[in-house]
Protein chains: 4
Amino acid sequence: MKKAAIVGATGIVGQQFLTALRKHPWFEVAGLAASERSAGKSYGEALKDPKSGAVRWYVNEAVPEEVLDMPVVDAADLDPSKFDVVFTAVESDQAKEIEPRLAKETPVISTAAAFRYDEDVPLLIPGVNGEHAALLDVQRKQRGWSGFIVPIPNCTTTGLAVSLKPIYDTFGLRSVIMTSMQAVSGAGRSPGVIALDITDNVIPFIPKEEEKVRKETQKILGAMRGKAVEPADFKVSCTCTRVAVLEGHTESVFASTVKKSGVDAVKEAMRKYAGVLSKEGLPSAPRQMIIVQEDPFRPQPRMDRDVDGGMATTVGRIREDDVLENGVKYLLVSHNTKMGAAKGAVLVAELLNKKKYI
Amino acid sequence: MKKAAIVGATGIVGQQFLTALRKHPWFEVAGLAASERSAGKSYGEALKDPKSGAVRWYVNEAVPEEVLDMPVVDAADLDPSKFDVVFTAVESDQAKEIEPRLAKETPVISTAAAFRYDEDVPLLIPGVNGEHAALLDVQRKQRGWSGFIVPIPNCTTTGLAVSLKPIYDTFGLRSVIMTSMQAVSGAGRSPGVIALDITDNVIPFIPKEEEKVRKETQKILGAMRGKAVEPADFKVSCTCTRVAVLEGHTESVFASTVKKSGVDAVKEAMRKYAGVLSKEGLPSAPRQMIIVQEDPFRPQPRMDRDVDGGMATTVGRIREDDVLENGVKYLLVSHNTKMGAAKGAVLVAELLNKKKYI
Amino acid sequence: MKKAAIVGATGIVGQQFLTALRKHPWFEVAGLAASERSAGKSYGEALKDPKSGAVRWYVNEAVPEEVLDMPVVDAADLDPSKFDVVFTAVESDQAKEIEPRLAKETPVISTAAAFRYDEDVPLLIPGVNGEHAALLDVQRKQRGWSGFIVPIPNCTTTGLAVSLKPIYDTFGLRSVIMTSMQAVSGAGRSPGVIALDITDNVIPFIPKEEEKVRKETQKILGAMRGKAVEPADFKVSCTCTRVAVLEGHTESVFASTVKKSGVDAVKEAMRKYAGVLSKEGLPSAPRQMIIVQEDPFRPQPRMDRDVDGGMATTVGRIREDDVLENGVKYLLVSHNTKMGAAKGAVLVAELLNKKKYI
Amino acid sequence: MKKAAIVGATGIVGQQFLTALRKHPWFEVAGLAASERSAGKSYGEALKDPKSGAVRWYVNEAVPEEVLDMPVVDAADLDPSKFDVVFTAVESDQAKEIEPRLAKETPVISTAAAFRYDEDVPLLIPGVNGEHAALLDVQRKQRGWSGFIVPIPNCTTTGLAVSLKPIYDTFGLRSVIMTSMQAVSGAGRSPGVIALDITDNVIPFIPKEEEKVRKETQKILGAMRGKAVEPADFKVSCTCTRVAVLEGHTESVFASTVKKSGVDAVKEAMRKYAGVLSKEGLPSAPRQMIIVQEDPFRPQPRMDRDVDGGMATTVGRIREDDVLENGVKYLLVSHNTKMGAAKGAVLVAELLNKKKYI
């Protein structure tokens with residue numbers, strides 16, 4: 001068993017890491033770090049609101065009992081040399097300080113955006129661009145680290161990139177137009193989206209999100225060129241909105257392919273691609289990366305987000321589009337806090353473990 | 001005062017007609033028709049559920065007390081010769097039977113889709129294509145009617161067509177890609193959208209909606225050519241979804257213009273256009289057809305749907321799009337059961353009254 | 001393996017039966033019946049909407065693949081002699097006709113209210129009043145049936161009766177005042193609660209519900225006296241409302257006990273009682289009938305409804321009440337479509353199987 | 001015109017004050033105070049988020065244009081001598097510091113709880129206990145102030161106290177059991193209730209709320225005895241919950257009266273009482289304090305909260321209760337951010353103006 005530490009363990013993403021790592025066959029949770037306020041307490045105590053007695057555990061699955069007595073240390077004091085891998089679940093500002101210190105000695109898998117756009121940092125999605133892991137050798141060398149930092153992409157990018165992968169590989173891509181209807185869990189809890197703003201409403205703007213999706217999609221589908229990834233050369237234009245959904249991002253995609261594509265050919269490409277991870281033996285991998293739905297009323301976030309443990313991307317309503325050249329349009333649902341966050345980060349760790357980077 | 005009858009008066013759209021006509025300066029409600037079941041009752045009785053005592057009035061505004069004692073007649077028995085205009089709020093199947101009978105003698109303004117795509121039938125939006133009213137002379141002549149039928153467009157089309165009008169007139173349009181997030185009220189109450197389907201969810205398909213939006217947008221922005229409207233020759237490609245919003249459709253639009261446009265020029269065109277109806281003296285007209293919002297978090301359906309009595313289209317987040325040629329992207333909110341339904345139909349009647357068709 | 005049939009198999013409760021019986025160690029689904037419209041089709045075909053291609057499967061768990069090819073028969077033609085038990089999921093009107101025909105030969109477990117208030121019909125909740133099963137001998141004899149009918153209680157009654165059981169047994173009960181906040185799934189899908197009515201709203205009335213809760217709670221906690229159950233003699237007064245929750249009824253209870261009770265004693269009584277079913281070996285039984293929550297922000301329907309497979313009743317905020325004599329107040333959450341419907345009915349069948357009635 | 005200042009003017013309650021005072025016939029907004037951060041800016045600038053450009057105006061009604069250019073001062077610097085009345089909309093902690101300073105010179109109407117339970121401080125609801133205003137003379141004398149502090153009650157108390165007033169006066173009250181289903185707006189926006197917590201959920205606990213309702217209801221319905229109010233001597237026991245409703249608290253009430261009451265007598269008492277304020281000439285007063293609904297599906301928060309400008313309490317489903325002595329049960333809806341907050345505070349100011357305290 002490899003030893004894993006979680007930084008930001010008391011927050012909601014940290015809780016999702018604990019849930020994703022529960023009874024994991026390769027990694028065991030051996031260290032928990034959080035803010036100074038929680039340091040010195042047991043994890044169970046740290047969750048408790050001293051005033052009201054409320055237990056601040058926010059994940060649907062019950063809190064893993066085996067961690068309740070584990071001590072929580074201050075993130076600033078975490079000794080990376082004790083762990084084989086560190087999962088971080090902190091804000092970008094904190095990530096900038098904490099992660100390099102840890103990465104000097106140990107691999108860091110991060111949900112923060114802090115290092116996503118650095119040239120020597122890959123944005124990994126197993127099954128999509130595992131070969132970008134080679135960039136870690138560059139990163140280690142350039143930075144003189146024993147470890148490294150691998151951020152996962154923004155949760156809105158993940159489903160889009162997965163769904164585009166077989167299209168890009170089979171037909172090439174000229175451009176992508178996307179409108180998202182994102183779940184409130186994507187905004188976290190501090191304070192996240194307040195009910196007064198989203199009930200009976202749509203919020204038409206998520207700061208920075210559209211630019212992230214554009215840059216990350218191009219980087220993920222780009223190709224290794226020497227010491228960097230050359231971004232894929234198709235255009236991406238998005239409008240990102242928030243709707244009254246708890247979990248699961250829905251995206252309406254219009255794509256233009258280089259070669260003639262067509263509905264049946266796109267479905268076939270997706271179905272052929274779907275099993276890409278099935279023989280890799282990664283414990284958190286979905287049986288199918290993409291599920292192509294024929295029911296015209298699917299995908300729906302509440303019905304499809306949890307398929308295959310929240311790790312599959314469900315695509316439906318694949319139709320031709322006559323505005324774009326070789327246009328195809330479809331909808332997708334991807335679980336933003338499973339595949340798009342902690343559990344997706346664990347999948348990255350699994351891939352890197354298999355590739356001997358961890 | 002012109003005398004108006006409402007067919008389908010007990011349903012939710014009929015109730016919206018009653019609300020839209022309350023204290024109207026030009027039209028007075030002089031007749032109410034509904035199904036056989038309600039015939040012979042007073043309107044107040046017809047609203048009451050005999051079993052439970054519930055009053056089936058669904059509109060936020062209180063029921064106009066002056067109609068409570070009015071008799072309801074069977075729609076099949078309504079004598080059109082007694083009225084100057086008839087507003088119909090029935091399903092398409094019923095409209096096919098009822099409306100031609102009434103139109104032989106009297107102008108009919110309809111919310112149903114039954115006749116929308118007939119060559120001699122205009123789809124009117126005052127301020128957008130009032131000149132299409134000339135088609136009514138063709139219709140009367142060809143059908144040998146004293147009256148005529150004017151359907152209003154689908155509620156999703158209305159906001160889109162209004163927002164495109166100044167763009168089309170100023171820059172020309174090549175194509176439009178649109179993803180809608182529609183309110184549940186658009187589906188009515190029989191049974192409409194059930195809570196089990198939409199709570200914590202998005203429904204990615206609304207049967208027939210996308211094709212309606214395409215055809216209607218092209219027809220509305222088309223030009224009178226002799227005895228018909230020649231559809232505008234830009235392409236329209238949509239994905240229509242339903243979200244957990246009560247009222248107000250949100251649409252994410254990506255448009256390609258013929259001439260170079262740009263964000264500032266589009267805003268200017270919209271603002272110049274906005275006052276188009278302000279001097280016409282139509283009682284239900286919005287002061288501004290389009291409101292251009294600079295706050296990036298707008299438009300939001302709950303905040304913007306009721307502006308100007310629910311008759312304005314609010315547009316925001318106007319940005320350049322680099323996928324489409326001369327691309328511009330924006331979001332809009334339009335009130336689907338005010339401007340997009342009964343109150344919009346009353347506005348049509350006002351225009352036709354002014355033009356002496358009623 | 002005992003052979004089970006499901007009547008009303010294509011509806012949402014029927015689907016919940018299929019889900020509850022999936023891989024059941026004692027019962028196998030051997031027959032499916034539905035309306036005439038579905039008869040002659042395979043189950044998979046019967047779920048499909050011929051027009052839109054939509055698959056009308058409404059349960060979160062995926063459809064059990066092993067039933068997709070099973071034939072569906074008309075409920076009127078179902079031959080009860082082929083089955084060891086029949087689960088019925090139909091409206092009360094239909095139940096009145098269908099169930100007696102089936103019960104002549106075979107045990108029938110029903111979710112309908114049709115026979116709940118008959119003297120020789122027990123309302124069983126395993127762990128609460130299993131001894132009422134003795135009434136089945138009376139029923140068989142009086143009606144001359146080989147089988148029998150056992151309805152399960154109304155879903156709002158179930159959680160209340162479970163939570164009151166240890167209080168009643170330990171302290172006696174004088175009276176109960178209850179306000180419910182019920183989930184929309186309790187109203188089913190035909191059409192159930194429409195989104196226009198419940199979004200941003202509370203519906204303060206559920207026809208007949210309050211009277212059902214009163215009568216059923218008294219009957220369930222009553223005692224066998226010869227050939228009938230003598231209702232428990234405490235009073236029950238309720239107000240039942242509907243809120244925007246998908247699954248899980250929340251109830252605010254104020255109870256007056258005969259003997260002095262107190263918060264700690266009530267908690268102790270509940271905790272002692274909780275394991276009542278744990279040694280019975282019933283496959284669907286919760287490990288704990290009642291979970292006493294100390295977190296003051298619990299129970300919450302979304303957090304607590306699925307505990308122990310949706311079969312546990314979670315109770316929290318137990319406090320003294322100074323209005324009622326020996327007053328105690330608390331809140332509970334009970335899963336209305338698991339413990340309160342199909343899965344609860346399967347639990348009844350398990351109990352009756354163990355008692356050799358099936 | 002009397003001059004009014006608003007402290008906490010940029011927050012949501014401050015915005016509700018601005019809305020409630022718009023075009024007010026007696027009071028004009030002459031001063032705005034907020035935190036140091038907003039001081040020195042115009043109100044319009046203070047609303048704007050400097051980063052995103054968002055306009056933080058949260059009320060449905062549009063921002064009153066006449067205040068956009070008014071300067072905002074630091075609350076600590078507000079000179080009370082310039083105003084005839086100050087409305088405060090700040091947290092309890094701040095109220096404790098700010099309000100006494102202002103009250104030395106000027107009447108202060110407060111939405112905070114800070115002084116609600118002081119012996120010489122009345123909790124006024126016009127139409128319910130206007131005579132408690134006499135306590136202001138005591139307060140002024142004891143504290144040596146020219147002004148005074150009048151807090152309004154907690155928003156959950158208001159509707160309850162209004163509905164109990166005619167019952168208490170006509171029949172006397174022994175006890176009240178109440179379960180509330182409260183709107184999210186009651187928790188404000190800092191951060192208030194987050195969507196992740198309330199979507200598809202009920203939160204069964206609102207810290208301190210139940211105790212507030214108990215103490216305040218007894219104080220409001222108490223009688224002036226010399227220099228203090230003697231609390232009414234009936235018992236109050238509540239469970240307060242939060243549901244997914246934007247505005248409007250729903251309360252399920254069970255009351256025991258001293259004299260025999262009965263459904264018809266209670267309705268009659270409420271209807272007789274309803275017009276209590278109608279002849280007082282207070283501009284914000286509802287035409288009817290209580291509206292008795294006969295439709296069993298009412299009151300509903302979304303349908304009834306805005307009746308009479310959000311100032312009426314709608315009561316429905318009045319039934320006998322057989323658990324309590326002379327028991328009666330009903331539901332009520334009261335608008336928590338109109339009658340229960342800023343607009344209710346303006347109504348208090350109107351009453352005190354009429355009584356020459358302002």
# chains A, B, ... in the order shown; residues from 1 in each chain; ligands from 1
>>> closest_atom_pairs(of="chain C", to="chain D", cutoff="7 Å", atoms="only C-alpha atoms", output="tab-separated table")
residue	atom	partner	partner_atom	distance
C:Ser175	CA	D:Val323	CA	6.2
C:Thr179	CA	D:Thr179	CA	6.8
C:Asp200	CA	D:Val245	CA	4.3
C:Asn201	CA	D:Arg302	CA	5.4
C:Val202	CA	D:Gln300	CA	5.7
C:Ile203	CA	D:Gln300	CA	5.9
C:Pro204	CA	D:Phe297	CA	5.8
C:Phe205	CA	D:Phe297	CA	5.3
C:Lys235	CA	D:Val323	CA	6.1
C:Val236	CA	D:Val323	CA	7.0
C:Ser237	CA	D:Asp321	CA	6.4
C:Ala244	CA	D:Asp200	CA	6.1
C:Val245	CA	D:Asp200	CA	4.3
C:Leu246	CA	D:Asp200	CA	5.9
C:Ser252	CA	D:Thr179	CA	6.9
C:Pro296	CA	D:Phe205	CA	6.5
C:Phe297	CA	D:Phe205	CA	5.4
C:Arg298	CA	D:Pro204	CA	6.4
C:Pro299	CA	D:Pro204	CA	6.8
C:Gln300	CA	D:Val202	CA	5.7
C:Pro301	CA	D:Asn201	CA	5.6
C:Arg302	CA	D:Asn201	CA	5.3
C:Asp321	CA	D:Ser237	CA	6.4
C:Asp322	CA	D:Ser237	CA	6.9
C:Val323	CA	D:Lys235	CA	6.1
>>> residues_around(residues="Asp69 of chain B", least_positions_apart="2", cutoff="6 Å", atoms="only C-alpha atoms", output="list of chain:residue names")
B:Ser42, B:Tyr43, B:Val67
>>> residues_around(residues="Ala228 of chain D", least_positions_apart="3", cutoff="9 Å", atoms="only C-alpha atoms", output="list in words")
Glu119, Asp120, Val121, Pro122, His132, Leu135, Val138, Ala223, Met224 and Arg225 of chain D
>>> residues_around(residues="Ala341 of chain B", least_positions_apart="3", cutoff="9 Å", atoms="only C-alpha atoms", output="PyMOL selection string")
chain B and resi 13+16-17+111+152-155+335-338+344-346
>>> atom_distance(atom1="atom CA of Ala95 of chain C", atom2="atom CA of Ser110 of chain C")
8.2 Å
>>> residues_around(residues="Thr257 of chain A", least_positions_apart="6", cutoff="6 Å", atoms="only C-alpha atoms", output="ChimeraX atom specification")
/A:171-174,326
>>> closest_residue(among="C:Pro231, C:Gly159, C:Gly53, C:Gly327", to="Thr313 of chain C", atoms="only C-alpha atoms")
C:Gly159
>>> select_by_dssp(residues="segment 122-244 of chain B", states="helix (DSSP H, G or I)", output="ChimeraX atom specification")
/B:130-143,155-171,184-187,195-198,209-220
>>> residues_around(residues="Val59 of chain D", least_positions_apart="3", cutoff="9 Å", atoms="only C-alpha atoms", output="PDB file with C-alpha atoms, in the first residue's frame")
ATOM      1  CA  MET B 303     -34.414  39.308 -11.897  1.00  0.00           C
TER       2      MET B 303
ATOM      3  CA  ILE D  12     -30.332  43.393   1.533  1.00  0.00           C
ATOM      4  CA  GLN D  15     -32.306  47.764   0.195  1.00  0.00           C
ATOM      5  CA  GLN D  16     -35.705  46.609   1.401  1.00  0.00           C
ATOM      6  CA  THR D  19     -37.865  50.010  -1.489  1.00  0.00           C
ATOM      7  CA  ALA D  62     -35.710  48.128  -9.304  1.00  0.00           C
ATOM      8  CA  VAL D  63     -33.268  50.291  -7.365  1.00  0.00           C
TER       9      VAL D  63
END
>>> residues_around(residues="Ile6 of chain B", least_positions_apart="3", cutoff="7 Å", atoms="only C-alpha atoms", output="tab-separated table (two decimals) with N, CA and C atoms, in the first residue's frame")
chain	number	residue	atom	x	y	z
B	9	ALA	N	-60.74	29.93	-21.65
B	9	ALA	CA	-60.61	30.96	-20.61
B	9	ALA	C	-60.26	30.42	-19.23
B	14	GLY	N	-55.52	31.11	-20.76
B	14	GLY	CA	-56.74	31.92	-20.72
B	14	GLY	C	-56.71	32.89	-19.54
B	31	GLY	N	-66.75	38.01	-23.61
B	31	GLY	CA	-67.18	36.63	-23.78
B	31	GLY	C	-66.10	35.68	-23.33
B	32	LEU	N	-66.54	34.59	-22.70
B	32	LEU	CA	-65.61	33.57	-22.22
B	32	LEU	C	-66.06	32.21	-22.72
B	33	ALA	N	-65.17	31.46	-23.31
B	33	ALA	CA	-65.52	30.12	-23.76
B	33	ALA	C	-64.50	29.14	-23.21
B	86	VAL	N	-61.18	37.72	-31.13
B	86	VAL	CA	-61.21	36.55	-30.26
B	86	VAL	C	-59.77	36.11	-29.99
B	87	PHE	N	-59.47	35.95	-28.71
B	87	PHE	CA	-58.16	35.42	-28.32
B	87	PHE	C	-58.33	33.93	-28.00
B	88	THR	N	-57.53	33.10	-28.62
B	88	THR	CA	-57.68	31.67	-28.35
B	88	THR	C	-56.47	31.12	-27.61
>>> atom_distance(atom1="atom CA of Val85 of chain B", atom2="atom CA of Gly127 of chain B")
20.8 Å
>>> atom_distance(atom1="atom CA of Ala161 of chain B", atom2="atom CA of Leu221 of chain B")
7.2 Å
>>> closest_residue(among="D:Gly262, D:Val90, D:Gln139, D:Val73", to="Ala103 of chain D", atoms="only C-alpha atoms")
D:Gln139
>>> closest_residue(among="A:Ser81, A:Thr10, A:Gln94, A:Ser163", to="Arg56 of chain A", atoms="only C-alpha atoms")
A:Thr10
>>> select_by_dssp(residues="segment 1-91 of chain B", states="strand (DSSP E)", output="PyMOL selection string")
chain B and resi 2-7+27-34+72-74+85-88
>>> write_last_selection(atoms="N, CA and C atoms", output="tab-separated table (two decimals), in the first residue's frame")
chain	number	residue	atom	x	y	z
B	2	LYS	N	-63.54	47.93	-27.89
B	2	LYS	CA	-63.77	46.77	-28.73
B	2	LYS	C	-64.09	45.58	-27.81
B	3	LYS	N	-64.96	44.71	-28.33
B	3	LYS	CA	-65.35	43.55	-27.52
B	3	LYS	C	-64.45	42.34	-27.83
B	4	ALA	N	-63.93	41.76	-26.78
B	4	ALA	CA	-63.04	40.61	-26.96
B	4	ALA	C	-63.62	39.37	-26.29
B	5	ALA	N	-63.42	38.23	-26.94
B	5	ALA	CA	-63.77	36.95	-26.32
B	5	ALA	C	-62.48	36.16	-26.09
B	6	ILE	N	-62.51	35.32	-25.06
B	6	ILE	CA	-61.36	34.46	-24.79
B	6	ILE	C	-61.81	33.01	-24.86
B	7	VAL	N	-61.17	32.24	-25.71
B	7	VAL	CA	-61.49	30.82	-25.83
B	7	VAL	C	-60.41	30.03	-25.08
B	27	PHE	N	-59.73	47.20	-25.25
B	27	PHE	CA	-60.52	45.96	-25.36
B	27	PHE	C	-61.20	45.65	-24.03
B	28	GLU	N	-62.44	45.19	-24.12
B	28	GLU	CA	-63.06	44.70	-22.88
B	28	GLU	C	-63.46	43.24	-23.07
B	29	VAL	N	-63.28	42.46	-22.04
B	29	VAL	CA	-63.63	41.04	-22.12
B	29	VAL	C	-65.15	40.94	-22.08
B	30	ALA	N	-65.71	40.45	-23.20
B	30	ALA	CA	-67.17	40.39	-23.31
B	30	ALA	C	-67.67	38.97	-23.49
B	31	GLY	N	-66.75	38.01	-23.61
B	31	GLY	CA	-67.18	36.63	-23.78
B	31	GLY	C	-66.10	35.68	-23.33
B	32	LEU	N	-66.54	34.59	-22.70
B	32	LEU	CA	-65.61	33.57	-22.22
B	32	LEU	C	-66.06	32.21	-22.72
B	33	ALA	N	-65.17	31.46	-23.31
B	33	ALA	CA	-65.52	30.12	-23.76
B	33	ALA	C	-64.50	29.14	-23.21
B	34	ALA	N	-64.99	27.92	-22.98
B	34	ALA	CA	-64.09	26.88	-22.49
B	34	ALA	C	-64.64	25.54	-22.95
B	72	VAL	N	-69.72	31.24	-18.81
B	72	VAL	CA	-68.80	30.57	-19.71
B	72	VAL	C	-69.62	29.76	-20.71
B	73	VAL	N	-69.30	29.89	-22.00
B	73	VAL	CA	-70.02	29.09	-23.00
B	73	VAL	C	-69.08	28.02	-23.55
B	74	ASP	N	-69.68	27.02	-24.13
B	74	ASP	CA	-68.90	25.97	-24.82
B	74	ASP	C	-68.22	26.61	-26.02
B	85	VAL	N	-62.80	40.83	-31.63
B	85	VAL	CA	-61.58	40.03	-31.68
B	85	VAL	C	-61.76	38.85	-30.73
B	86	VAL	N	-61.18	37.72	-31.13
B	86	VAL	CA	-61.21	36.55	-30.26
B	86	VAL	C	-59.77	36.11	-29.99
B	87	PHE	N	-59.47	35.95	-28.71
B	87	PHE	CA	-58.16	35.42	-28.32
B	87	PHE	C	-58.33	33.93	-28.00
B	88	THR	N	-57.53	33.10	-28.62
B	88	THR	CA	-57.68	31.67	-28.35
B	88	THR	C	-56.47	31.12	-27.61
>>> closest_residue(among="A:Gly281, A:Pro107, A:Pro100, A:Gly275", to="Ala312 of chain A", atoms="only C-alpha atoms")
A:Gly275
>>> decode(residues="segment 184-197 of chain B", atoms="N, CA and C atoms", output="PDB file, in the first residue's frame")
ATOM      1  N   VAL B 184     -40.334  26.106 -16.729  1.00  0.00           N
ATOM      2  CA  VAL B 184     -41.341  25.042 -16.709  1.00  0.00           C
ATOM      3  C   VAL B 184     -42.729  25.546 -17.097  1.00  0.00           C
ATOM      4  N   SER B 185     -42.991  26.820 -16.915  1.00  0.00           N
ATOM      5  CA  SER B 185     -44.322  27.324 -17.274  1.00  0.00           C
ATOM      6  C   SER B 185     -44.581  27.188 -18.770  1.00  0.00           C
ATOM      7  N   GLY B 186     -43.529  27.119 -19.566  1.00  0.00           N
ATOM      8  CA  GLY B 186     -43.706  26.940 -21.004  1.00  0.00           C
ATOM      9  C   GLY B 186     -44.420  25.652 -21.363  1.00  0.00           C
ATOM     10  N   ALA B 187     -44.378  24.682 -20.469  1.00  0.00           N
ATOM     11  CA  ALA B 187     -45.013  23.397 -20.751  1.00  0.00           C
ATOM     12  C   ALA B 187     -46.439  23.332 -20.237  1.00  0.00           C
ATOM     13  N   GLY B 188     -46.932  24.423 -19.682  1.00  0.00           N
ATOM     14  CA  GLY B 188     -48.310  24.442 -19.203  1.00  0.00           C
ATOM     15  C   GLY B 188     -48.536  23.583 -17.976  1.00  0.00           C
ATOM     16  N   ARG B 189     -49.769  23.143 -17.794  1.00  0.00           N
ATOM     17  CA  ARG B 189     -50.141  22.441 -16.561  1.00  0.00           C
ATOM     18  C   ARG B 189     -50.853  21.118 -16.805  1.00  0.00           C
ATOM     19  N   SER B 190     -50.797  20.545 -17.978  1.00  0.00           N
ATOM     20  CA  SER B 190     -51.634  19.377 -18.267  1.00  0.00           C
ATOM     21  C   SER B 190     -50.842  18.196 -18.804  1.00  0.00           C
ATOM     22  N   PRO B 191     -49.908  17.685 -18.050  1.00  0.00           N
ATOM     23  CA  PRO B 191     -49.541  18.074 -16.696  1.00  0.00           C
ATOM     24  C   PRO B 191     -48.350  19.017 -16.647  1.00  0.00           C
ATOM     25  N   GLY B 192     -47.827  19.444 -17.750  1.00  0.00           N
ATOM     26  CA  GLY B 192     -46.627  20.264 -17.691  1.00  0.00           C
ATOM     27  C   GLY B 192     -45.436  19.445 -17.226  1.00  0.00           C
ATOM     28  N   VAL B 193     -44.514  20.107 -16.589  1.00  0.00           N
ATOM     29  CA  VAL B 193     -43.308  19.431 -16.120  1.00  0.00           C
ATOM     30  C   VAL B 193     -43.530  19.021 -14.673  1.00  0.00           C
ATOM     31  N   ILE B 194     -43.331  17.758 -14.353  1.00  0.00           N
ATOM     32  CA  ILE B 194     -43.567  17.360 -12.978  1.00  0.00           C
ATOM     33  C   ILE B 194     -42.291  17.547 -12.151  1.00  0.00           C
ATOM     34  N   ALA B 195     -42.522  17.835 -10.876  1.00  0.00           N
ATOM     35  CA  ALA B 195     -41.407  18.174  -9.990  1.00  0.00           C
ATOM     36  C   ALA B 195     -40.398  17.043  -9.911  1.00  0.00           C
ATOM     37  N   LEU B 196     -40.861  15.799  -9.962  1.00  0.00           N
ATOM     38  CA  LEU B 196     -39.944  14.662  -9.901  1.00  0.00           C
ATOM     39  C   LEU B 196     -38.962  14.665 -11.064  1.00  0.00           C
ATOM     40  N   ASP B 197     -39.323  15.293 -12.170  1.00  0.00           N
ATOM     41  CA  ASP B 197     -38.438  15.288 -13.333  1.00  0.00           C
ATOM     42  C   ASP B 197     -37.465  16.454 -13.353  1.00  0.00           C
TER      43      ASP B 197
END
